[in-house]
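As structure tokens, the structure follows; a few thoughts come after it.
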Amino acid sequence: ENVLNQITASFEEGKFYAIIGKSGAGKSTLLSLLAGLDTPTKGKILFEDQDIAQKGYNHHRRKQISLVFQNYNLIDYLTPMENVRLVNSQANKDSLLQLGLNEKEIHRNVLRLSGGQQQRVAIARALSMNPDAILFDEPTSALDPEMVGEVLKIMKGLAQEGLTMIVVTHEMEFARDVSNRVIFMDQGIIAEEGKPEDIFTHPKKERTKEFLQRYLR
């Protein structure tokens, strides 16, 4: 049985896309395909009009796109600086400092940092690759409530800088206020897509409306 069915979507450079939907709707699977972590059983994934399979999925992951995981995916015995240099040996500390870590924290064992700080390290690591696009898979789901706002503020700043971003999220207010486009997924399909003001204010599909009523009360 396919997780996704007849998915057709396009993403423009410099835009922020929020992917929303129930658990099990296929959101993370779509993100994994876009990141080149999984391969489609049918169809193609094009990046700048070229099938990513032609240059290879490894090239796509290393040169074109970065993925920020919900569980940070950091190497726990390394420091933040060492984690960043795993993907870019020439990286300096600037990105970590710009994301709010101080000089002591960037050379401290990463497990001694808070969840919010660890997610900042994961974002800095992704940015150090200078990707053409950056993907986020539920970046706040593992955070304590008081840390969520800090990470969302960082992501909003990246969006305002014009970075191409595709974000799977359950933060509905954030998706409504920051995204350029919203994709609502349900049962392995894209049920509705549009501008945030249209999706959140005047959804066309009843199942979109039912989903949003649970989160926006």
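Scheme for the structure tokens: letters A, B, ... for chains in order shown; per-chain residue numbers from 1; ligand numbers from 1 in order shown.
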
Considering only helix (DSSP H, G or I) as DSSP defines it on the backbone, what residues of region 19-127 of chain A qualify? List them as a ChimeraX atom specification. /A:27-35,52-55,57-64,80-87,94-98,105-107,110-112,115-127

Backbone-only DSSP, strand (DSSP E) members of chain A, as number ranges by chain: A: 16-21, 46-47, 50-51, 65-68, 133-137, 165-168, 181-186, 189-194

Residue selection dump (C-alpha atoms) as a tab-separated table (two decimals), in the first residue's frame:
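out-v3.tsv written:
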chain	number	residue	atom	x	y	z
A	16	PHE	CA	7.98	29.49	2.75
A	17	TYR	CA	5.71	26.43	2.54
A	18	ALA	CA	3.89	25.00	5.56
A	19	ILE	CA	2.68	21.41	5.33
A	20	ILE	CA	-0.12	20.63	7.78
A	21	GLY	CA	-2.38	17.67	8.47
A	46	LEU	CA	12.70	17.45	-9.93
A	47	PHE	CA	15.09	20.03	-8.53
A	50	GLN	CA	16.37	17.96	-13.19
A	51	ASP	CA	15.46	14.57	-11.76
A	65	ILE	CA	19.10	20.61	0.38
A	66	SER	CA	19.24	20.35	4.19
A	67	LEU	CA	16.83	18.69	6.59
A	68	VAL	CA	16.27	19.66	10.23
A	133	ALA	CA	16.41	24.90	0.32
A	134	ILE	CA	15.98	23.81	3.91
A	135	LEU	CA	13.34	21.37	5.16
A	136	PHE	CA	12.01	21.16	8.72
A	137	ASP	CA	10.19	18.09	10.05
A	165	MET	CA	11.79	26.63	3.39
A	166	ILE	CA	9.38	23.69	3.53
A	167	VAL	CA	8.11	23.03	7.04
A	168	VAL	CA	5.96	20.22	8.41
A	181	ARG	CA	1.68	28.80	0.85
A	182	VAL	CA	-0.04	26.15	2.95
A	183	ILE	CA	-0.39	22.51	1.92
A	184	PHE	CA	-3.00	20.44	3.76
A	185	MET	CA	-2.41	16.70	3.51
A	186	ASP	CA	-4.92	14.00	4.35
A	189	ILE	CA	-2.87	13.11	-0.77
A	190	ILE	CA	-2.66	16.87	-0.99
A	191	ALA	CA	-6.27	17.67	-0.17
A	192	GLU	CA	-5.92	21.45	-0.47
A	193	GLU	CA	-3.24	24.03	-1.19
A	194	GLY	CA	-3.34	27.80	-1.22

Could you check which of A:Gln118, A:Asp49, A:Gly43, A:Val3 is closest to Gly24 (chain A), using only C-alpha atoms?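 Using only C-alpha atoms, Gly24 (chain A) sits closest to A:Val3.
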
Long-range neighbours of Gly157 (chain A) as a list in words, 12 Å cut-off, only C-alpha atoms, 5 positions minimum in chain: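 With the cut-off at 12 Å, the set is Phe16, Gln98, Leu99, Glu150, Val151, Leu152, Gly162, Leu163, Met165, Val178 and Ser179 of chain A.
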
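One finds CA of Thr169 (chain A) at 27.3 Å from CA of Asn88 (chain A).
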
Which residue out of A:Pro196, A:Pro203, A:Gly115, A:Gly100 has the minimum interatomic distance to Lys153 (chain A) when only C-alpha atoms are used? A:Gly100

Just give me the gap between CA of Gln90 (chain A) and CA of Ser114 (chain A) in Å, one decimal is fine.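 Computed distance, CA of Gln90 (chain A) to CA of Ser114 (chain A), equals 25.8 Å.
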